[in-house]
Amino acid sequence: MITAERKPLEELIEYIKPFKRILLLGCNECVTVCAAGGRKEVGMLASGLQMARLKSGTSVEIQQHTIERQCDPEYVEELASMIDGADAVLSMACGCGVQQIAMRYKDKPVFPALNTKFMGASERQGVWAERCQGCGDCLLGITGGICPISRCAKQLMNGPCGGSTTGKCEISEDVDCAWQLIWDRLKTLGLTERYLDIIPAKDWRTGGGSGPRKIIREDLAE
Amino acid sequence: MKTESNLEKILAAGHLAVTSECGPPRGCKPDEVIKKSNYLKGIVDAVNVTDNQTAMVRMSSLAASVIVKQQGLNPLFQITCRDRNRLAMQADIIGAYSLGIDTMLCLSGDHTKFGDHPQAMNVHDIDSIQMIQMVRDMRDKSIFQGGAELKGAPKMFIGAAANPFADPFELRVMRLAKKIAAGADFIQTQCIFNVDKFEKWMEGVRKLGLHKKCYILAGVTPCKSLGAAKYMSKRVPGMDVPQEVIDRMSSVPKDKQAEEGVAICVETIKRLKKVEGVAGFHIMAIEWEEKVEEICERAGLLPRPQV
């Protein structure tokens, strides 16, 4: 999923300073799962902003609403009347959701309440870690199911650098060496000789090197 | 012979090669490069010129290599994958060769986290093994990495690094095999303090016959002080400084530690000379280049052969 974290309250207060009626908009997908921008977080942020504005003596009307998917035009379309009644939108979706609102409601200011972080997975309660960089040409089939692009600090495709120590990356003891994980997996699977195959230089065109990417499915596109 | 490189000639003639290092200055101070070069003139077969080592901005390795060359030494031009994409790398390799630089070392590079620009994006468009392949293809097939024909191919003698002390240990010989398969002509290893472990690694290297497919230069470093030994042991990723070395450095008074560091280095070289498959030495006397001559002299590596 796409993970995100809320921006500092001060930054958000600054964004909405000139406005009296705010639509605070949550999203029910990824950001709900990573506890950054779902219904619950919308409620908490609304109280935080209200309190800050009360303190500064400038009241604000905050309408709270959470939709199924802010990245989906169908759901975003349904917001039309609600957005009419607001001076600005504060979106608690990932960057995709924020932009969907901005593109659809061209004359309405929209601000991001979150910093979108990475595509990751949950390691345990309250901990998410990066797992994919969307390179567009998945290597997991030859690297034992562990991604060297997103999990090696140097994106090494052909083995560990000289900084790998007792399973950890040279940048931090909190980061596993991706190539130690890959090697352990290859051993378990009895595929160690596969390590000797040189993975050729990547064609980054699929990974954003040729500009903004798009998927067009002829069978589905209208 | 694949190239005109002095280092290749020395190695091909069966001599133990000696290389050392020159870290470029953090400012427009060509005099510092000249000073370091003068310490090494006539002492070593090639001088590694590091590329923004420890991820700190310095004079570019290409510019400093040219200055080293102007002093009559043979620069060994280092390139990391951290700072350049494949276009910039190939441009610099062509530029280097056009300026008479025929020997290079392909490295991943220290992570920016350790340097003075932790805010910077790490490039890593290609990795060190893919860089080796690219340079070999430029030289032997006269093609650019992208596939187009390259007129005026750079005939580089291609080096790579190996760290026998990093983990997973069992993978380290295979990683060397992979670098050789990619096209590495010679290898410079991480600084060796743990000779037992290095010998174990070399056993694995010989088992696969890798020492016959490429030249392995054993890396050594003289410790300037007990503090330096401790720093390398604890703070430098992938370094293995055994307790005996620390103990030996701390067993002598502070003003004798530098001398002890040199003595350990000389003994290490003498021991490594007996290891089958060691084709030479890479002496990394960081900011202590003036000591390289004494180390070489005492280790019986002088005079350098003329080839």
# chains A, B, ... in the order shown; residues from 1 in each chain; ligands from 1
>>> interface_residues(of="chain A", to="chain B", cutoff="6 Å", atoms="only C-alpha atoms", output="list in words")
Leu156, Gly162, Gly163, Ser164, Thr165, Glu170, Leu196 and Ala201 of chain A
>>> atom_distance(atom1="CA of Gln64 (chain A)", atom2="CA of Gly26 (chain A)")
7.9 Å
>>> closest_residue(among="A:Asn158, A:Asn28, A:Gln133, A:Thr143", to="Gly97 (chain A)", atoms="only C-alpha atoms")
A:Asn28
>>> residues_around(residues="region 246-252 of chain B", least_positions_apart="4", cutoff="12 Å", atoms="only C-alpha atoms", output="PyMOL selection string")
chain B and resi 193-194+222-234+240-242+256-265
>>> write_last_selection(atoms="C-alpha atoms", output="short mmCIF file (atom, residue, chain, number, x, y, z; two decimals), in the first residue's frame")
data_model
loop_
_atom_site.label_atom_id
_atom_site.label_comp_id
_atom_site.auth_asym_id
_atom_site.auth_seq_id
_atom_site.Cartn_x
_atom_site.Cartn_y
_atom_site.Cartn_z
CA PHE B 193 44.33 -6.42 9.51
CA ASN B 194 42.77 -9.83 10.05
CA PRO B 222 49.34 1.70 8.54
CA CYS B 223 47.57 2.86 11.73
CA LYS B 224 48.75 6.32 12.69
CA SER B 225 47.63 5.96 16.30
CA LEU B 226 45.62 3.82 18.70
CA GLY B 227 42.72 6.20 18.12
CA ALA B 228 42.88 5.59 14.37
CA ALA B 229 42.87 1.81 14.92
CA LYS B 230 39.86 2.06 17.21
CA TYR B 231 38.08 4.36 14.79
CA MET B 232 38.58 1.92 11.90
CA SER B 233 37.48 -0.96 14.07
CA LYS B 234 34.26 0.67 15.24
CA ASP B 240 37.85 -5.87 10.56
CA VAL B 241 40.54 -4.75 13.01
CA PRO B 242 41.16 -7.62 15.44
CA LYS B 256 55.70 5.39 19.52
CA GLN B 257 52.28 4.38 18.17
CA ALA B 258 52.89 5.68 14.64
CA GLU B 259 56.09 3.63 14.48
CA GLU B 260 54.22 0.56 15.75
CA GLY B 261 51.52 1.12 13.12
CA VAL B 262 54.13 1.11 10.38
CA ALA B 263 55.78 -2.01 11.86
CA ILE B 264 52.44 -3.88 11.86
CA CYS B 265 51.85 -2.81 8.25
#
>>> select_by_dssp(residues="region 56-238 of chain B", states="alpha helix (DSSP H)", output="JSON, numbers by chain")
{"B": [61, 62, 63, 64, 65, 66, 67, 68, 69, 70, 86, 87, 88, 89, 90, 91, 92, 93, 94, 95, 96, 97, 98, 128, 129, 130, 131, 132, 133, 134, 135, 136, 169, 170, 171, 172, 173, 174, 175, 176, 177, 178, 179, 180, 181, 182, 195, 196, 197, 198, 199, 200, 201, 202, 203, 204, 205, 206, 207, 226, 227, 228, 229, 230, 231, 232, 233, 234, 235]}
>>> select_by_dssp(residues="region 24-207 of chain A", states="strand (DSSP E or B)", output="PyMOL selection string")
chain A and resi 24-27+61-67+88-91+110-112+114-124+127-132+165+168-169+172-176
>>> residues_around(residues="Arg298 (chain B)", least_positions_apart="4", cutoff="9 Å", atoms="only C-alpha atoms", output="list of chain:residue names")
B:Ala263, B:Val266, B:Glu293, B:Glu294, B:Leu302
>>> write_last_selection(atoms="N, CA and C atoms", output="compact mmCIF listing (two decimals), in the first residue's frame")
# COMPACT_ATOMS: atom_id res chain seq x y z
N ALA B 263 55.21 -0.67 11.67
CA ALA B 263 55.78 -2.01 11.86
C ALA B 263 54.74 -3.10 11.58
N VAL B 266 54.19 -3.34 7.82
CA VAL B 266 55.29 -4.02 7.14
C VAL B 266 55.21 -5.53 7.37
N GLU B 293 56.97 5.29 1.29
CA GLU B 293 58.32 4.91 0.87
C GLU B 293 58.98 4.01 1.92
N GLU B 294 58.88 4.42 3.18
CA GLU B 294 59.49 3.62 4.26
C GLU B 294 58.86 2.22 4.32
N LEU B 302 61.04 -2.24 -2.90
CA LEU B 302 61.78 -1.27 -3.70
C LEU B 302 63.13 -1.86 -4.13
>>> closest_residue(among="B:Lys213, B:Pro253, B:Glu21, B:Pro30", to="Leu105 (chain B)", atoms="only C-alpha atoms")
B:Glu21
>>> closest_residue(among="A:Arg205, A:Lys17, A:Arg185, A:Arg39", to="Ser56 (chain A)", atoms="only C-alpha atoms")
A:Lys17
>>> residues_around(residues="Ala86 (chain A)", least_positions_apart="4", cutoff="6 Å", atoms="only C-alpha atoms", output="list in words")
Arg21, Ile22 and Leu23 of chain A
>>> write_last_selection(atoms="C-alpha atoms", output="mmCIF file, in the first residue's frame")
data_model
loop_
_atom_site.group_PDB
_atom_site.id
_atom_site.type_symbol
_atom_site.label_atom_id
_atom_site.label_comp_id
_atom_site.auth_asym_id
_atom_site.auth_seq_id
_atom_site.Cartn_x
_atom_site.Cartn_y
_atom_site.Cartn_z
ATOM 1 C CA ARG A 21 -14.711 27.163 5.937
ATOM 2 C CA ILE A 22 -12.565 24.082 5.464
ATOM 3 C CA LEU A 23 -13.499 20.713 4.058
#
>>> decode(residues="region 52-84 of chain A", atoms="N, CA and C atoms", output="compact mmCIF listing (two decimals), in the first residue's frame")
# COMPACT_ATOMS: atom_id res chain seq x y z
N ALA A 52 -6.46 25.20 17.85
CA ALA A 52 -5.41 26.18 17.51
C ALA A 52 -6.04 27.49 17.05
N ARG A 53 -7.13 27.38 16.27
CA ARG A 53 -7.77 28.61 15.77
C ARG A 53 -8.48 29.35 16.91
N LEU A 54 -9.08 28.59 17.83
CA LEU A 54 -9.73 29.22 18.98
C LEU A 54 -8.72 30.03 19.78
N LYS A 55 -7.57 29.42 19.99
CA LYS A 55 -6.49 30.08 20.74
C LYS A 55 -6.06 31.38 20.08
N SER A 56 -6.02 31.35 18.76
CA SER A 56 -5.57 32.55 18.06
C SER A 56 -6.72 33.52 17.80
N GLY A 57 -7.92 33.16 18.27
CA GLY A 57 -9.06 34.06 18.17
C GLY A 57 -9.66 34.19 16.78
N THR A 58 -9.41 33.23 15.91
CA THR A 58 -10.01 33.25 14.58
C THR A 58 -10.73 31.93 14.36
N SER A 59 -12.02 31.95 14.52
CA SER A 59 -12.75 30.69 14.45
C SER A 59 -12.75 30.13 13.03
N VAL A 60 -12.95 28.83 12.93
CA VAL A 60 -12.99 28.17 11.63
C VAL A 60 -14.08 27.10 11.66
N GLU A 61 -14.71 26.96 10.53
CA GLU A 61 -15.75 25.94 10.41
C GLU A 61 -15.13 24.77 9.64
N ILE A 62 -15.05 23.62 10.27
CA ILE A 62 -14.41 22.49 9.60
C ILE A 62 -15.44 21.39 9.35
N GLN A 63 -15.66 21.11 8.10
CA GLN A 63 -16.54 20.00 7.77
C GLN A 63 -15.70 18.75 7.57
N GLN A 64 -16.04 17.69 8.31
CA GLN A 64 -15.27 16.45 8.21
C GLN A 64 -15.97 15.48 7.28
N HIS A 65 -15.19 14.90 6.39
CA HIS A 65 -15.80 13.92 5.49
C HIS A 65 -14.73 12.95 5.01
N THR A 66 -15.09 11.68 4.88
CA THR A 66 -14.13 10.69 4.38
C THR A 66 -14.78 9.92 3.24
N ILE A 67 -14.08 9.85 2.11
CA ILE A 67 -14.66 9.11 0.98
C ILE A 67 -13.88 7.81 0.74
N GLU A 68 -14.45 6.99 -0.09
CA GLU A 68 -13.88 5.66 -0.32
C GLU A 68 -12.47 5.73 -0.89
N ARG A 69 -12.31 6.49 -1.97
CA ARG A 69 -10.99 6.61 -2.62
C ARG A 69 -10.86 7.99 -3.25
N GLN A 70 -9.90 8.76 -2.77
CA GLN A 70 -9.71 10.09 -3.36
C GLN A 70 -9.00 10.02 -4.71
N CYS A 71 -8.42 8.84 -5.02
CA CYS A 71 -7.74 8.73 -6.32
C CYS A 71 -8.71 8.28 -7.42
N ASP A 72 -9.98 8.16 -7.07
CA ASP A 72 -10.95 7.63 -8.02
C ASP A 72 -11.94 8.73 -8.40
N PRO A 73 -12.01 9.10 -9.70
CA PRO A 73 -12.84 10.24 -10.10
C PRO A 73 -14.32 10.06 -9.73
N GLU A 74 -14.76 8.82 -9.72
CA GLU A 74 -16.16 8.55 -9.41
C GLU A 74 -16.54 9.07 -8.02
N TYR A 75 -15.70 8.78 -7.04
CA TYR A 75 -15.98 9.23 -5.67
C TYR A 75 -15.74 10.72 -5.53
N VAL A 76 -14.72 11.22 -6.21
CA VAL A 76 -14.38 12.64 -6.12
C VAL A 76 -15.51 13.50 -6.70
N GLU A 77 -16.17 12.98 -7.74
CA GLU A 77 -17.28 13.67 -8.38
C GLU A 77 -18.40 13.97 -7.38
N GLU A 78 -18.64 13.03 -6.50
CA GLU A 78 -19.75 13.16 -5.54
C GLU A 78 -19.54 14.27 -4.53
N LEU A 79 -18.34 14.86 -4.51
CA LEU A 79 -18.03 15.90 -3.51
C LEU A 79 -18.50 17.29 -3.93
N ALA A 80 -19.00 17.41 -5.18
CA ALA A 80 -19.26 18.72 -5.76
C ALA A 80 -19.99 19.70 -4.83
N SER A 81 -21.10 19.29 -4.25
CA SER A 81 -21.86 20.25 -3.45
C SER A 81 -21.12 20.59 -2.16
N MET A 82 -20.45 19.62 -1.59
CA MET A 82 -19.72 19.85 -0.35
C MET A 82 -18.57 20.85 -0.58
N ILE A 83 -17.94 20.69 -1.71
CA ILE A 83 -16.80 21.56 -2.03
C ILE A 83 -17.27 22.99 -2.31
N ASP A 84 -18.49 23.11 -2.86
CA ASP A 84 -19.09 24.43 -3.08
C ASP A 84 -19.18 25.22 -1.79
